[in-house]
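Colleague: Could you have a look at this structure, given as structure tokens, before my questions?
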Amino acid sequence: MLIKHIMKTIYILILLFTSTLFFGCTPKSKSITDSKWSLSILPPSVRLDPTSNEIIEQRFINSDKNAQNNLLKSNWIYDGEKVSIHSARGEYVSFQLILTNQQELPLSNIKIEMSNFEGPNGKLNIEPELFLEWSVKVITPSTGYPKTSLGKGWYPDALIPFKYIQMDSSKVQRWTYPLWIPDFNNRIENQKSLVVWIDQYVPLERINAKPGVYQSTINVTVDDEIKLIPIKLSVWDFEISNQNMLGASLQQEGFVSQMNDEDALGVYQLLKRNRISVMDPTYKPLLNLKNQQINYDWNLFDNQLKKYFTGEAFTSKYGYEYGPGYGEPIENFVLPFDVYGKYNTDGWPNIGKPKVERNPENIALYIDAVKQFRSHLKPIFNPLKTDLTIYLNGLDESYFKEAWSRMVYFGDLFHEHYPEAHFRIDGAYSDEAMEYVSNSIDYWGSHTINYNHEKVKEYQEKGIGDWLYGPMLYESEVNSWVGSSTFIDMPLVNDRAISWACWKYDAHSWLSWGIGAGWKRAWYDPETWKDAYKASSGSDINFPYKKLNGNGMLIYSGGIIPNVDEPCASIRLKMLRNGVQEYEYMRKISELNGNKEQANKIVDEIINEPFGKEGIGVIDVWDFDPEKWANARIQLGELIDNMSK
């Protein structure tokens, strides 16, 4: 066994030496592919159906199967032998490894490793992060999207950290998650390929990631056969902000506030690492009402939230060793204030229905509650770092004058008694409604289906920040059913596009409903939102029900798959992250230029006019070729790099 181990080590060293870090010859193609198993690399912006080896995104932009297969042979980051990627400091850069079984028998005894990047200027002290891609089977395309859905089939989506995967079966006696083809737990019918997602975080500090070229290799061993692919990482001489300036958010009422502290921390850290903010407006201190006096018990509230307000939750003290937003507090917090609503829900604090809520004794109680909240948060909260929002769920999407009157009344109340907070309304409001409320609101969660950029500009000039909210594509008006911008069976560029659209329209940020709706059963059932037909203004006789794949769900629950006990990101969450990172490129180049013209020119080549009534039925709202998106990012990065020297 010792001789066998020595010979195996010598073989790896010979391959590494002959690669000569890309500047000499690379291993011959025979070392990459042979009759038993083969390797390839794909960019992060496309997915592979593991049963057919078909590039899923190509269904939308190219029906030529030869072109699909060519992406496995070479693409914009992989030339068939080696990988070349680029990054700024403080960001994640990704790619995917494809391991294909070329035989009828199962493939086992698999081991996949990747070394730290190293170059003339030193070694990156952060290791690559490897994830096994878990696939879900789409049986019914998302309702209302007959043209833009990529259709039925197996879609890689959940990303399981490799720490939960057991490699090299020759060294393991009992299994909970072996690395095999076919996947032991995923049970993919006729699986041909196993897909691994690789994330590399490039350190924020220049001393830890000096500009230049860094090298690594990804090594795959099956039985005693070893293959490797060299990876070149070019680090530009600039960083993107450690603080998530865009503050793009996922909102889900009660999702994290009802969790135990450990589980909630896992969700907050996972989303922070991917530059997405959590919004949950249901964190409330215990409230006691006695003799028309309100008293709060803050113990539970502070224990739950103080570490997020200070940023301590995102430090090594809580196991967050590195990554975006290290030491930074949460980007957004939604205060729990509410009023009696159209679904007969009580307000908080409860001061009764609209007929009595403005009675002097009731409104005095409400104002006192607001003042006490403000007083308590002031010493532990930095409003310059965390955006405070008040969103009255009882008035959500209310399209009648009585509701508008209440928005004005409570908006003015919050402005007077909690001036650091921003009052937000959500809905597809008409010009009449917006004129009525515009002097009393700070933020508008504007439905993308009624987004009129010229009209929104008028409100932006009044100081109202608009949040893009809702689906990204409108084949028909029925698509306004949901508040999510992400679907499993839509092209991945959609998830990047929302941040790019924020830049194009000067939007304050974007907001999508749902963090983990249906996140437990989603491992085996991607239809996270199902509803029978209901006659309403948004109904369509052509769609008697709705089944939406991945709606409101961007992370997968721990505790479902054997041995996997923490929340797992989806590929779609990674795409949202990439869009936010690219937004920071746009911000950076505009700061260096002193204007937005250069960034706008690049963005306008990708993003057309996606939203509003004119966008209904229009499919080409942006470019669906992921290579063009990748080229635009490189163009932005190289411009910034040249300007930073």
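By order of appearance in the structure tokens: chains A, B, ..., then residues from 1 within every chain, and ligands from 1 in the order shown.
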List every residue of region 198-272 of chain A that has an atom at most 12 Å from any atom of region 121-124 of chain A, and for each one report the closest atom pair and its distance in Å to one decimal, counting only C-alpha atoms, with rows sorted by chain and then by increasing residue number, as JSON lines.

Modeller:
```
{"residue": "A:Gln200", "atom": "CA", "partner": "A:Leu124", "partner_atom": "CA", "distance": 9.8}
{"residue": "A:Tyr201", "atom": "CA", "partner": "A:Leu124", "partner_atom": "CA", "distance": 9.2}
{"residue": "A:Val202", "atom": "CA", "partner": "A:Leu124", "partner_atom": "CA", "distance": 7.4}
{"residue": "A:Pro203", "atom": "CA", "partner": "A:Leu124", "partner_atom": "CA", "distance": 7.4}
{"residue": "A:Leu204", "atom": "CA", "partner": "A:Leu124", "partner_atom": "CA", "distance": 10.9}
{"residue": "A:Glu205", "atom": "CA", "partner": "A:Leu124", "partner_atom": "CA", "distance": 10.9}
{"residue": "A:Arg206", "atom": "CA", "partner": "A:Asn121", "partner_atom": "CA", "distance": 10.8}
{"residue": "A:Ile207", "atom": "CA", "partner": "A:Asn121", "partner_atom": "CA", "distance": 9.4}
{"residue": "A:Asn208", "atom": "CA", "partner": "A:Leu124", "partner_atom": "CA", "distance": 6.5}
{"residue": "A:Ala209", "atom": "CA", "partner": "A:Leu124", "partner_atom": "CA", "distance": 6.2}
{"residue": "A:Lys210", "atom": "CA", "partner": "A:Asn121", "partner_atom": "CA", "distance": 6.2}
{"residue": "A:Pro211", "atom": "CA", "partner": "A:Asn121", "partner_atom": "CA", "distance": 7.8}
{"residue": "A:Gly212", "atom": "CA", "partner": "A:Asn121", "partner_atom": "CA", "distance": 7.2}
{"residue": "A:Val213", "atom": "CA", "partner": "A:Asn121", "partner_atom": "CA", "distance": 8.3}
{"residue": "A:Tyr214", "atom": "CA", "partner": "A:Lys123", "partner_atom": "CA", "distance": 7.8}
{"residue": "A:Gln215", "atom": "CA", "partner": "A:Lys123", "partner_atom": "CA", "distance": 9.2}
{"residue": "A:Ser216", "atom": "CA", "partner": "A:Lys123", "partner_atom": "CA", "distance": 10.1}
{"residue": "A:Leu233", "atom": "CA", "partner": "A:Leu124", "partner_atom": "CA", "distance": 10.7}
{"residue": "A:Ser234", "atom": "CA", "partner": "A:Asn121", "partner_atom": "CA", "distance": 11.7}
{"residue": "A:Val235", "atom": "CA", "partner": "A:Leu124", "partner_atom": "CA", "distance": 10.6}
```

Colleague: Determine which residues of region 124-219 of chain A receive a DSSP assignment of helix (DSSP H, G or I), computed from the backbone, and state them as a PyMOL selection string.

Modeller: chain A and resi 162-164+169-171+206-208

Colleague: Contacts of region 496-512 of chain A at 6 Å or less, counting only C-alpha atoms, minus same-chain residues fewer than 4 places along, as a list in words?

Modeller: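 Answer for this query is Leu246, Ala248, Ser249, Leu250, Gly465, Asp466, Trp467, Leu468, Tyr469, Gly483, Ser484, Met575, Leu576, Gly579 and Val580 of chain A.
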
Colleague: Please, could you write that set of residues out with all heavy atoms as a compact mmCIF listing (two decimals), in the first residue's frame?

Modeller:
```txt
# COMPACT_ATOMS: atom_id res chain seq x y z
N LEU A 246 -26.17 48.12 -1.87
CA LEU A 246 -27.47 48.04 -2.53
C LEU A 246 -28.57 47.61 -1.56
O LEU A 246 -29.71 48.07 -1.65
CB LEU A 246 -27.39 47.08 -3.72
CG LEU A 246 -28.65 46.92 -4.56
CD1 LEU A 246 -29.11 48.25 -5.14
CD2 LEU A 246 -28.45 45.90 -5.67
N ALA A 248 -30.18 44.85 -1.34
CA ALA A 248 -31.25 44.06 -1.95
C ALA A 248 -31.75 43.02 -0.95
O ALA A 248 -30.97 42.42 -0.23
CB ALA A 248 -30.72 43.39 -3.21
N SER A 249 -33.07 42.79 -0.93
CA SER A 249 -33.66 42.06 0.18
C SER A 249 -34.64 40.99 -0.23
O SER A 249 -35.33 41.10 -1.25
CB SER A 249 -34.39 43.04 1.12
OG SER A 249 -33.50 43.97 1.67
N LEU A 250 -34.72 39.98 0.62
CA LEU A 250 -35.77 38.97 0.57
C LEU A 250 -36.62 39.15 1.82
O LEU A 250 -36.08 39.17 2.93
CB LEU A 250 -35.17 37.57 0.53
CG LEU A 250 -34.24 37.25 -0.64
CD1 LEU A 250 -33.64 35.85 -0.49
CD2 LEU A 250 -34.97 37.37 -1.97
N GLY A 465 -37.73 56.63 -2.56
CA GLY A 465 -36.91 55.55 -3.08
C GLY A 465 -37.78 54.41 -3.56
O GLY A 465 -38.65 53.93 -2.83
N ASP A 466 -37.58 53.97 -4.80
CA ASP A 466 -38.40 52.89 -5.34
C ASP A 466 -37.64 51.57 -5.28
O ASP A 466 -36.46 51.48 -5.61
CB ASP A 466 -38.83 53.19 -6.79
CG ASP A 466 -37.66 53.45 -7.72
OD1 ASP A 466 -36.82 54.30 -7.38
OD2 ASP A 466 -37.58 52.81 -8.78
N TRP A 467 -38.32 50.55 -4.80
CA TRP A 467 -37.81 49.19 -4.74
C TRP A 467 -38.48 48.39 -5.85
O TRP A 467 -39.71 48.28 -5.87
CB TRP A 467 -38.13 48.54 -3.39
CG TRP A 467 -37.50 49.18 -2.19
CD1 TRP A 467 -37.78 50.41 -1.68
CD2 TRP A 467 -36.51 48.60 -1.34
NE1 TRP A 467 -37.01 50.64 -0.57
CE2 TRP A 467 -36.22 49.54 -0.33
CE3 TRP A 467 -35.84 47.38 -1.34
CZ2 TRP A 467 -35.29 49.30 0.68
CZ3 TRP A 467 -34.91 47.13 -0.33
CH2 TRP A 467 -34.64 48.08 0.66
N LEU A 468 -37.70 47.81 -6.76
CA LEU A 468 -38.29 46.95 -7.77
C LEU A 468 -38.82 45.69 -7.09
O LEU A 468 -38.11 45.03 -6.33
CB LEU A 468 -37.24 46.56 -8.82
CG LEU A 468 -36.67 47.70 -9.66
CD1 LEU A 468 -35.63 47.16 -10.64
CD2 LEU A 468 -37.77 48.43 -10.42
N TYR A 469 -40.08 45.35 -7.37
CA TYR A 469 -40.73 44.25 -6.68
C TYR A 469 -41.60 43.45 -7.64
O TYR A 469 -42.39 44.03 -8.39
CB TYR A 469 -41.61 44.80 -5.54
CG TYR A 469 -42.40 43.74 -4.79
CD1 TYR A 469 -41.78 42.94 -3.85
CD2 TYR A 469 -43.74 43.53 -5.05
CE1 TYR A 469 -42.48 41.96 -3.17
CE2 TYR A 469 -44.46 42.56 -4.37
CZ TYR A 469 -43.82 41.78 -3.43
OH TYR A 469 -44.52 40.81 -2.76
N GLY A 483 -44.88 37.74 -5.94
CA GLY A 483 -43.92 38.79 -5.65
C GLY A 483 -42.49 38.33 -5.73
O GLY A 483 -41.58 39.01 -5.26
N SER A 484 -42.27 37.16 -6.32
CA SER A 484 -40.92 36.62 -6.41
C SER A 484 -40.32 36.94 -7.77
O SER A 484 -41.01 36.93 -8.78
CB SER A 484 -40.94 35.11 -6.21
OG SER A 484 -39.67 34.55 -6.49
N MET A 575 -26.69 33.56 -8.25
CA MET A 575 -26.87 34.49 -9.37
C MET A 575 -27.33 35.86 -8.87
O MET A 575 -26.90 36.90 -9.40
CB MET A 575 -27.87 33.93 -10.36
CG MET A 575 -27.38 32.73 -11.14
SD MET A 575 -25.90 33.08 -12.15
CE MET A 575 -24.63 32.32 -11.11
N LEU A 576 -28.21 35.89 -7.87
CA LEU A 576 -28.57 37.17 -7.27
C LEU A 576 -27.34 37.86 -6.70
O LEU A 576 -27.15 39.07 -6.86
CB LEU A 576 -29.61 36.96 -6.16
CG LEU A 576 -31.02 36.54 -6.60
CD1 LEU A 576 -31.88 36.24 -5.37
CD2 LEU A 576 -31.69 37.59 -7.46
N GLY A 579 -25.26 39.39 -9.43
CA GLY A 579 -25.85 40.64 -9.89
C GLY A 579 -25.53 41.80 -8.97
O GLY A 579 -25.23 42.92 -9.41
N VAL A 580 -25.58 41.56 -7.65
CA VAL A 580 -25.25 42.61 -6.68
C VAL A 580 -23.78 42.98 -6.79
O VAL A 580 -23.42 44.17 -6.73
CB VAL A 580 -25.60 42.15 -5.25
CG1 VAL A 580 -25.11 43.16 -4.22
CG2 VAL A 580 -27.10 41.94 -5.10
```

Colleague: What's the separation between CA of Ala522 (chain A) and CA of Leu42 (chain A), in Å to one decimal place?

Modeller: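 Pair CA of Ala522 (chain A) / CA of Leu42 (chain A) returns 24.9 Å.
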
Colleague: Please provide as a ChimeraX atom specification all residues within 12 Å of Glu104 (chain A), with the sequence filter that same-chain residues fewer than 5 positions apart are discarded (counting only C-alpha atoms).

Modeller: /A:35-37,181-182,190-192

Colleague: Between CA of His417 (chain A) and CA of Lys371 (chain A), what is the distance in Å, rounded to a tenth?

Modeller: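 Going from CA of His417 (chain A) over to CA of Lys371 (chain A), I get 6.3 Å.
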
Colleague: Hey, which of A:Ile441, A:Leu286, A:Leu105, A:Leu159 ends up closest to Glu566 (chain A)? Count only C-alpha atoms.

Modeller: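 Ranking A:Ile441, A:Leu286, A:Leu105, A:Leu159 by distance to Glu566 (chain A), first place goes to A:Leu159.
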
Colleague: CA of Asn631 (chain A) and CA of Val83 (chain A) are how many Å apart?

Modeller: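 Separation of CA of Asn631 (chain A) and CA of Val83 (chain A): 15.4 Å.
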
Colleague: Write out as a list in words each polymer residue whose atoms come within 6 Å of Ile218 (chain A), counting only C-alpha atoms; drop sequence neighbours fewer than 3 positions from it.

Modeller: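 The filter keeps Glu113, Met114, Leu228 and Ile229 of chain A.
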
Colleague: Using N, CA, C and O atoms, can you export the residues from the last selection as a PDB file, in the first residue's frame?

Modeller:
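part_16.pdb was written with the following content:
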```pdb
ATOM      1  N   GLU A 113     -10.563  17.441  -5.078  1.00  0.00           N
ATOM      2  CA  GLU A 113      -9.831  18.383  -4.231  1.00  0.00           C
ATOM      3  C   GLU A 113      -9.380  19.578  -5.051  1.00  0.00           C
ATOM      4  O   GLU A 113      -9.181  19.463  -6.269  1.00  0.00           O
ATOM      5  N   MET A 114      -9.216  20.699  -4.369  1.00  0.00           N
ATOM      6  CA  MET A 114      -8.689  21.891  -5.034  1.00  0.00           C
ATOM      7  C   MET A 114      -7.771  22.623  -4.072  1.00  0.00           C
ATOM      8  O   MET A 114      -8.113  22.849  -2.906  1.00  0.00           O
ATOM      9  N   LEU A 228      -6.513  16.229 -13.653  1.00  0.00           N
ATOM     10  CA  LEU A 228      -6.540  17.572 -13.081  1.00  0.00           C
ATOM     11  C   LEU A 228      -6.811  18.601 -14.160  1.00  0.00           C
ATOM     12  O   LEU A 228      -6.530  18.389 -15.337  1.00  0.00           O
ATOM     13  N   ILE A 229      -7.372  19.698 -13.730  1.00  0.00           N
ATOM     14  CA  ILE A 229      -7.591  20.847 -14.615  1.00  0.00           C
ATOM     15  C   ILE A 229      -6.966  22.071 -13.942  1.00  0.00           C
ATOM     16  O   ILE A 229      -7.304  22.404 -12.797  1.00  0.00           O
TER      17      ILE A 229
END
```
